[in-house]
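Containing PDB, C-alpha atoms: target-v6.pdb.
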ATOM      1  CA  MET A   1      23.081   1.857  26.331
ATOM      2  CA  SER A   2      22.823   5.400  24.951
ATOM      3  CA  ASP A   3      25.365   7.877  23.619
ATOM      4  CA  THR A   4      25.053  11.548  22.690
ATOM      5  CA  VAL A   5      25.758  12.299  19.039
ATOM      6  CA  LEU A   6      26.328  15.621  17.272
ATOM      7  CA  ILE A   7      25.008  15.455  13.704
ATOM      8  CA  PRO A   8      27.332  17.252  11.245
ATOM      9  CA  GLY A   9      25.902  20.088   9.169
ATOM     10  CA  GLY A  10      25.122  23.769   9.299
ATOM     11  CA  ARG A  11      22.588  23.475  12.129
ATOM     12  CA  ASP A  12      22.936  22.483  15.782
ATOM     13  CA  VAL A  13      21.419  18.998  15.726
ATOM     14  CA  ARG A  14      21.960  16.761  18.737
ATOM     15  CA  ALA A  15      20.876  13.176  19.064
ATOM     16  CA  THR A  16      20.769  10.183  21.360
ATOM     17  CA  LEU A  17      21.915   6.867  19.932
ATOM     18  CA  ASP A  18      20.249   3.963  21.723
ATOM     19  CA  THR A  19      22.299   0.847  21.026
ATOM     20  CA  ALA A  20      20.816  -2.627  21.019
ATOM     21  CA  ALA A  21      21.686  -4.956  23.860
ATOM     22  CA  SER A  22      23.986  -7.776  22.782
ATOM     23  CA  ASP A  23      23.294 -11.128  24.402
ATOM     24  CA  GLY A  24      26.371 -12.864  25.763
ATOM     25  CA  VAL A  25      28.545  -9.747  25.801
ATOM     26  CA  GLU A  26      30.047  -8.851  29.148
ATOM     27  CA  VAL A  27      29.270  -5.412  30.550
ATOM     28  CA  GLY A  28      32.261  -3.187  29.955
ATOM     29  CA  SER A  29      33.481  -5.167  26.961
ATOM     30  CA  GLU A  30      35.937  -2.992  25.048
ATOM     31  CA  ASP A  31      34.663  -3.959  21.610
ATOM     32  CA  PRO A  32      31.050  -5.208  21.704
ATOM     33  CA  PRO A  33      29.416  -6.184  18.406
ATOM     34  CA  ARG A  34      27.838  -3.263  16.572
ATOM     35  CA  ALA A  35      24.312  -3.470  15.197
ATOM     36  CA  GLU A  36      24.122  -3.420  11.408
ATOM     37  CA  THR A  37      20.784  -1.611  11.322
ATOM     38  CA  VAL A  38      19.397   1.610  12.754
ATOM     39  CA  VAL A  39      16.202   3.665  12.716
ATOM     40  CA  VAL A  40      16.336   7.469  12.760
ATOM     41  CA  ALA A  41      13.450   8.877  14.841
ATOM     42  CA  CYS A  42      11.994  12.361  14.218
ATOM     43  CA  PRO A  43      10.288  14.095  17.175
ATOM     44  CA  PRO A  44       7.027  16.043  17.158
ATOM     45  CA  HIS A  45       6.696  19.813  16.747
ATOM     46  CA  PRO A  46       9.541  21.622  18.565
ATOM     47  CA  GLN A  47       7.380  24.670  19.222
ATOM     48  CA  GLN A  48       4.961  22.412  21.070
ATOM     49  CA  ARG A  49       7.696  20.985  23.276
ATOM     50  CA  GLY A  50       8.490  18.099  20.968
ATOM     51  CA  HIS A  51      11.920  16.604  21.607
ATOM     52  CA  ARG A  52      13.903  13.393  21.250
ATOM     53  CA  GLY A  53      12.814  12.191  24.683
ATOM     54  CA  ASP A  54       9.183  12.023  23.545
ATOM     55  CA  GLU A  55       7.305   9.054  25.027
ATOM     56  CA  ARG A  56       6.323   7.670  21.626
ATOM     57  CA  LEU A  57       9.883   7.867  20.286
ATOM     58  CA  ALA A  58      11.207   6.201  23.432
ATOM     59  CA  ALA A  59       8.680   3.362  23.056
ATOM     60  CA  VAL A  60       9.714   2.788  19.445
ATOM     61  CA  SER A  61      13.381   2.838  20.450
ATOM     62  CA  ASP A  62      12.796   0.280  23.216
ATOM     63  CA  ALA A  63      10.981  -2.043  20.824
ATOM     64  CA  LEU A  64      13.725  -1.684  18.220
ATOM     65  CA  THR A  65      16.669  -2.252  20.546
ATOM     66  CA  ASP A  66      14.920  -5.355  21.909
ATOM     67  CA  ARG A  67      15.067  -6.605  18.303
ATOM     68  CA  GLY A  68      18.785  -5.857  17.941
ATOM     69  CA  ILE A  69      18.271  -2.591  16.032
ATOM     70  CA  ASP A  70      19.830   0.709  17.105
ATOM     71  CA  CYS A  71      17.756   3.894  17.247
ATOM     72  CA  LEU A  72      18.955   7.458  16.677
ATOM     73  CA  ARG A  73      16.545   9.960  18.280
ATOM     74  CA  PHE A  74      17.416  13.550  17.411
ATOM     75  CA  ASP A  75      16.363  17.095  18.262
ATOM     76  CA  TYR A  76      15.856  19.669  15.526
ATOM     77  CA  GLY A  77      18.040  22.751  15.314
ATOM     78  CA  ASP A  78      16.586  26.254  15.624
ATOM     79  CA  TRP A  79      12.984  26.532  14.417
ATOM     80  CA  ASP A  80      12.817  27.019  10.639
ATOM     81  CA  GLU A  81       9.136  26.490   9.767
ATOM     82  CA  GLY A  82       9.652  22.897   8.668
ATOM     83  CA  TYR A  83      12.387  23.596   6.119
ATOM     84  CA  GLY A  84      15.392  23.326   8.414
ATOM     85  CA  GLU A  85      13.748  20.502  10.333
ATOM     86  CA  THR A  86      13.579  18.418   7.159
ATOM     87  CA  THR A  87      17.236  19.242   6.536
ATOM     88  CA  ASP A  88      17.987  18.017  10.067
ATOM     89  CA  ALA A  89      16.253  14.699   9.391
ATOM     90  CA  ASP A  90      18.166  14.289   6.135
ATOM     91  CA  ALA A  91      21.451  15.021   7.919
ATOM     92  CA  ALA A  92      20.626  12.413  10.584
ATOM     93  CA  VAL A  93      19.818   9.869   7.867
ATOM     94  CA  GLY A  94      23.099  10.700   6.138
ATOM     95  CA  TRP A  95      24.992  10.191   9.413
ATOM     96  CA  ALA A  96      23.307   6.809   9.835
ATOM     97  CA  LEU A  97      23.920   5.680   6.239
ATOM     98  CA  ASP A  98      27.639   6.347   6.709
ATOM     99  CA  ARG A  99      27.750   3.968   9.682
ATOM    100  CA  TYR A 100      25.133   1.257   9.187
ATOM    101  CA  ASP A 101      24.300  -1.272   6.506
ATOM    102  CA  ARG A 102      20.564  -0.513   6.531
ATOM    103  CA  VAL A 103      18.632   2.510   7.792
ATOM    104  CA  GLY A 104      14.946   3.085   8.508
ATOM    105  CA  LEU A 105      13.087   6.296   9.361
ATOM    106  CA  PHE A 106      10.308   6.954  11.885
ATOM    107  CA  GLY A 107       8.479  10.085  12.983
ATOM    108  CA  PHE A 108       5.569  11.102  15.171
ATOM    109  CA  SER A 109       3.067  13.911  14.378
ATOM    110  CA  PHE A 110       5.048  16.817  12.848
ATOM    111  CA  GLY A 111       7.961  14.373  12.881
ATOM    112  CA  GLY A 112       5.911  11.863  10.911
ATOM    113  CA  THR A 113       5.469  14.433   8.176
ATOM    114  CA  VAL A 114       9.172  15.320   8.351
ATOM    115  CA  ALA A 115       9.982  11.619   7.949
ATOM    116  CA  LEU A 116       7.817  11.289   4.825
ATOM    117  CA  VAL A 117       9.270  14.437   3.264
ATOM    118  CA  ALA A 118      12.850  13.408   4.043
ATOM    119  CA  ALA A 119      12.248   9.880   2.713
ATOM    120  CA  ALA A 120      11.118  11.314  -0.633
ATOM    121  CA  SER A 121      14.753  12.145  -1.409
ATOM    122  CA  ARG A 122      16.317   9.068   0.204
ATOM    123  CA  PRO A 123      15.687   5.934  -1.889
ATOM    124  CA  GLU A 124      18.459   4.230   0.116
ATOM    125  CA  LEU A 125      16.104   3.869   3.078
ATOM    126  CA  ALA A 126      14.914   0.381   3.972
ATOM    127  CA  GLY A 127      11.552   1.731   5.119
ATOM    128  CA  VAL A 128       9.704   4.675   6.653
ATOM    129  CA  CYS A 129       6.953   4.620   9.286
ATOM    130  CA  ALA A 130       4.883   7.725  10.053
ATOM    131  CA  LEU A 131       2.798   7.917  13.236
ATOM    132  CA  ALA A 132      -0.107  10.410  13.182
ATOM    133  CA  PRO A 133       1.461  12.572  10.452
ATOM    134  CA  THR A 134      -0.084  15.926   9.678
ATOM    135  CA  ALA A 135      -0.867  16.718   6.041
ATOM    136  CA  ARG A 136       1.520  19.676   5.700
ATOM    137  CA  LEU A 137       4.702  21.033   7.225
ATOM    138  CA  ASN A 138       4.042  24.510   5.851
ATOM    139  CA  ASP A 139       2.440  26.184   2.834
ATOM    140  CA  ASP A 140       5.059  24.749   0.475
ATOM    141  CA  VAL A 141       5.576  21.209   1.767
ATOM    142  CA  ASP A 142       2.788  18.674   1.334
ATOM    143  CA  ALA A 143       3.018  15.242   2.993
ATOM    144  CA  VAL A 144       0.608  13.727   0.468
ATOM    145  CA  ALA A 145       2.864  14.696  -2.444
ATOM    146  CA  ALA A 146       5.859  13.392  -0.496
ATOM    147  CA  LEU A 147       4.061  10.094   0.053
ATOM    148  CA  ASP A 148       3.590   9.704  -3.711
ATOM    149  CA  GLU A 149       7.298  10.357  -4.254
ATOM    150  CA  VAL A 150       8.330   7.846  -1.574
ATOM    151  CA  VAL A 151       6.241   5.156  -3.248
ATOM    152  CA  GLN A 152       7.667   5.997  -6.682
ATOM    153  CA  ARG A 153      11.171   5.593  -5.275
ATOM    154  CA  GLY A 154      10.289   2.139  -3.961
ATOM    155  CA  VAL A 155      10.710   2.844  -0.249
ATOM    156  CA  PRO A 156       8.327   0.691   1.850
ATOM    157  CA  VAL A 157       5.908   2.818   3.900
ATOM    158  CA  ARG A 158       3.482   2.318   6.745
ATOM    159  CA  VAL A 159       1.191   4.930   8.289
ATOM    160  CA  LEU A 160      -0.140   4.564  11.844
ATOM    161  CA  TYR A 161      -2.901   6.839  13.082
ATOM    162  CA  ALA A 162      -5.422   7.420  15.874
ATOM    163  CA  THR A 163      -9.127   7.360  15.053
ATOM    164  CA  ARG A 164      -9.953   9.991  17.694
ATOM    165  CA  ASP A 165      -7.116  12.321  16.707
ATOM    166  CA  SER A 166      -8.462  15.883  16.622
ATOM    167  CA  THR A 167      -4.999  17.484  16.802
ATOM    168  CA  ALA A 168      -3.296  16.548  13.527
ATOM    169  CA  ASP A 169      -4.801  16.828  10.053
ATOM    170  CA  TRP A 170      -4.039  13.167   9.335
ATOM    171  CA  ARG A 171      -6.925  12.165   7.078
ATOM    172  CA  PRO A 172      -5.418  13.320   3.732
ATOM    173  CA  VAL A 173      -2.279  11.265   4.390
ATOM    174  CA  VAL A 174      -4.173   8.139   5.440
ATOM    175  CA  GLU A 175      -6.614   8.402   2.531
ATOM    176  CA  ARG A 176      -3.818   8.808  -0.024
ATOM    177  CA  ALA A 177      -1.842   5.971   1.537
ATOM    178  CA  GLU A 178      -4.815   3.655   1.151
ATOM    179  CA  GLU A 179      -5.312   4.769  -2.461
ATOM    180  CA  LEU A 180      -1.679   3.843  -3.109
ATOM    181  CA  GLY A 181      -2.114   0.410  -1.535
ATOM    182  CA  ILE A 182      -0.039   1.266   1.535
ATOM    183  CA  GLU A 183      -1.072  -0.549   4.686
ATOM    184  CA  THR A 184      -2.356   1.758   7.410
ATOM    185  CA  VAL A 185      -2.887   0.797  11.044
ATOM    186  CA  ALA A 186      -5.608   2.432  13.140
ATOM    187  CA  PHE A 187      -5.536   2.761  16.921
ATOM    188  CA  GLU A 188      -8.627   3.614  18.952
ATOM    189  CA  SER A 189      -6.899   6.529  20.629
ATOM    190  CA  ASP A 190      -6.305  10.255  20.655
ATOM    191  CA  HIS A 191      -3.358  12.002  19.028
ATOM    192  CA  PHE A 192      -1.066  11.309  21.972
ATOM    193  CA  PHE A 193      -1.823   7.580  22.229
ATOM    194  CA  VAL A 194      -2.304   7.876  25.970
ATOM    195  CA  GLY A 195      -1.655   4.519  27.591
ATOM    196  CA  ARG A 196      -0.850   2.925  24.237
ATOM    197  CA  SER A 197       2.727   4.003  23.573
ATOM    198  CA  GLY A 198       3.970   0.443  24.050
ATOM    199  CA  GLU A 199       1.554  -0.889  21.419
ATOM    200  CA  VAL A 200       2.538   1.889  19.032
ATOM    201  CA  GLY A 201       6.215   1.152  19.589
ATOM    202  CA  GLU A 202       5.704  -2.530  18.847
ATOM    203  CA  ALA A 203       3.680  -1.827  15.695
ATOM    204  CA  ALA A 204       6.330   0.523  14.298
ATOM    205  CA  ALA A 205       9.193  -1.781  15.274
ATOM    206  CA  ARG A 206       7.556  -4.832  13.676
ATOM    207  CA  PHE A 207       7.235  -3.042  10.354
ATOM    208  CA  LEU A 208      10.673  -1.414  10.376
ATOM    209  CA  GLY A 209      12.375  -4.500  11.789
ATOM    210  CA  ALA A 210      11.026  -6.620   8.949
ATOM    211  CA  ARG A 211      12.176  -4.091   6.341
ATOM    212  CA  LEU A 212      15.616  -3.745   7.884
ATOM    213  CA  SER A 213      16.082  -7.519   7.985
ATOM    214  CA  GLY A 214      15.095  -7.765   4.320
ATOM    215  CA  GLU A 215      11.893  -9.741   4.904
TER     216      GLU A 215
END
The structure given in the file should be rewritten as structure tokens.
Amino acid sequence: MSDTVLIPGGRDVRATLDTAASDGVEVGSEDPPRAETVVVACPPHPQQRGHRGDERLAAVSDALTDRGIDCLRFDYGDWDEGYGETTDADAAVGWALDRYDRVGLFGFSFGGTVALVAAASRPELAGVCALAPTARLNDDVDAVAALDEVVQRGVPVRVLYATRDSTADWRPVVERAEELGIETVAFESDHFFVGRSGEVGEAAARFLGARLSGE
């Protein structure tokens, strides 16, 4: 089941909340059990038609809800060169933290970098998973520096990437992650993970699900 959510703040940020199916609950139940955990999912570059319905985000959401974890997929507000988009992710995380016991963060491509940057100021997060993150959001915001800060704050991290990715500048992030002892997962694929979205979704959901359950 999915609901539309408006994220409070100074920007127009709209989201879809995918709620986990509850076994044994009748359809139409007035008060079904609420999941205690949620993952906020950041879409790819909005100027390259990235949006919350992205195939990779949907695959992650499906894998999470199958595990009893809700997923909040959001769209950025008006383009702001990466600055406002990071604010949007932080606002979505704040919305989630107000309503759930434990919150994780996921992002793909530009959204993967947004997720790392947002996580650097959110030690409350149970974990962050970045899929094919690019090294920078803009001239001022460096994903590698953000990765260092996330680790210092004790937030568990995993980086997933495609070995044939010629779209995103992912190597600096992966190399730094490995230097920091962060597990990285390689897929023999291009940047868009054509035909492999299901595998990507499962890999991200396994990591985040374990962190959200406290394993």
When you look at Ser166 of chain A with a cut-off of 8 Å (counting only C-alpha atoms), what residues show up, excluding the ones that are within fewer than 2 positions of it in the same chain? I need them as a PyMOL selection string.
chain A and resi 164+168-169+190-191
What's around Asp18 of chain A at 8 Å? Count all atoms listed in the file, leave out sequence neighbours fewer than 6 positions away in its own chain, and write the answer as a short mmCIF file (atom, residue, chain, number, x, y, z; two decimals) with C-alpha atoms, in the coordinates of the input.
data_model
loop_
_atom_site.label_atom_id
_atom_site.label_comp_id
_atom_site.auth_asym_id
_atom_site.auth_seq_id
_atom_site.Cartn_x
_atom_site.Cartn_y
_atom_site.Cartn_z
CA MET A 1 23.08 1.86 26.33
CA SER A 2 22.82 5.40 24.95
CA ASP A 3 25.36 7.88 23.62
CA SER A 61 13.38 2.84 20.45
CA THR A 65 16.67 -2.25 20.55
CA ASP A 70 19.83 0.71 17.10
CA CYS A 71 17.76 3.89 17.25
CA LEU A 72 18.95 7.46 16.68
CA ARG A 73 16.55 9.96 18.28
#
Might you spell out which residues the PyMOL selection byres ((chain A and resi 192) around 9) would select in the displayed file, as number ranges by chain?
A: 56, 132, 162, 165, 167, 189-191, 193-197
Care to translate the PyMOL selection byres ((chain A and resi 44-55) around 6) into actual residues of this file, as JSON, numbers by chain?
{"A": [43, 56, 57, 58, 73, 74, 75, 108, 109, 110, 111]}
Could you pull out every residue with an atom within 12 Å of (18.1, -6.0, 16.4), file coordinates, counting all atoms listed in the file, and send them as number ranges by chain?
A: 18-23, 33-39, 61-71, 102, 205-206, 208-213
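Residues matched by the PyMOL selection byres ((chain A and resi 105-107) around 6) in this file are Val39, Val40, Ala41, Cys42, Gly104, Phe108, Gly111, Gly112, Ala115, Val128, Cys129 and Ala130 of chain A.
The list of residues with at least one atom within 9 Å of segment 147-155 of chain A, based on only C-alpha atoms and without residues fewer than 2 positions apart in the same chain, reads Leu116, Val117, Ala119, Ala120, Ser121, Arg122, Pro123, Glu124, Leu125, Ala126, Gly127, Val128, Asp142, Ala143, Val144, Ala145, Val157, Val173, Arg176, Ala177, Leu180 and Ile182 of chain A.
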Would you mind exporting the chosen residues as a CSV table (one decimal), in the frame of the given file, restricted to C-alpha atoms?
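This went into result_20.csv:
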chain,number,residue,atom,x,y,z
A,116,LEU,CA,7.8,11.3,4.8
A,117,VAL,CA,9.3,14.4,3.3
A,119,ALA,CA,12.2,9.9,2.7
A,120,ALA,CA,11.1,11.3,-0.6
A,121,SER,CA,14.8,12.1,-1.4
A,122,ARG,CA,16.3,9.1,0.2
A,123,PRO,CA,15.7,5.9,-1.9
A,124,GLU,CA,18.5,4.2,0.1
A,125,LEU,CA,16.1,3.9,3.1
A,126,ALA,CA,14.9,0.4,4.0
A,127,GLY,CA,11.6,1.7,5.1
A,128,VAL,CA,9.7,4.7,6.7
A,142,ASP,CA,2.8,18.7,1.3
A,143,ALA,CA,3.0,15.2,3.0
A,144,VAL,CA,0.6,13.7,0.5
A,145,ALA,CA,2.9,14.7,-2.4
A,157,VAL,CA,5.9,2.8,3.9
A,173,VAL,CA,-2.3,11.3,4.4
A,176,ARG,CA,-3.8,8.8,0.0
A,177,ALA,CA,-1.8,6.0,1.5
A,180,LEU,CA,-1.7,3.8,-3.1
A,182,ILE,CA,0.0,1.3,1.5
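Reported to one decimal place, the separation of atom CA of Phe207 of chain A from atom CA of Val60 of chain A is 11.1 Å.
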For Asp140 of chain A, list every protein, DNA or RNA residue within 10 Å, evaluated using all atoms listed in the file, and leave out those in the same chain fewer than 4 positions away; present the list as a tab-separated table (two decimals) with C-alpha atoms, keeping the file's coordinate frame.
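The resulting file, part-v7.tsv, is reproduced below:
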chain	number	residue	atom	x	y	z
A	82	GLY	CA	9.65	22.90	8.67
A	83	TYR	CA	12.39	23.60	6.12
A	136	ARG	CA	1.52	19.68	5.70
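Separating atom CA of Val141 of chain A from atom CA of Arg11 of chain A is a distance of 20.0 Å.
Closest approach to Glu199 of chain A among A:Leu160, A:Glu179, A:Glu85, A:Asp80: A:Leu160, based on only C-alpha atoms.
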Work out where the centre of an axis-aligned box around every listed atom of segment 130-141 of chain A lies and how long its edges are once 8 Å is added on each side; give both in Å to one decimal as lines of an AutoDock Vina configuration file.
center_x = 2.4
center_y = 17.0
center_z = 6.9
size_x = 22.4
size_y = 34.5
size_z = 28.8
Could you please determine the separation between atom CA of Glu202 of chain A and atom CA of Thr113 of chain A in Å, to one decimal place?
20.0 Å
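Proximity to Ala135 of chain A was assessed for A:Ala203, A:Leu97, A:Val185, A:Val174 counting only C-alpha atoms; the smallest distance is recorded for A:Val174.
Of the residues listed (A:Val159, A:Val13, A:Asp139, A:Val200), A:Val13 shows the shortest atom-to-atom separation from Asp90 of chain A; distances use all atoms listed in the file.
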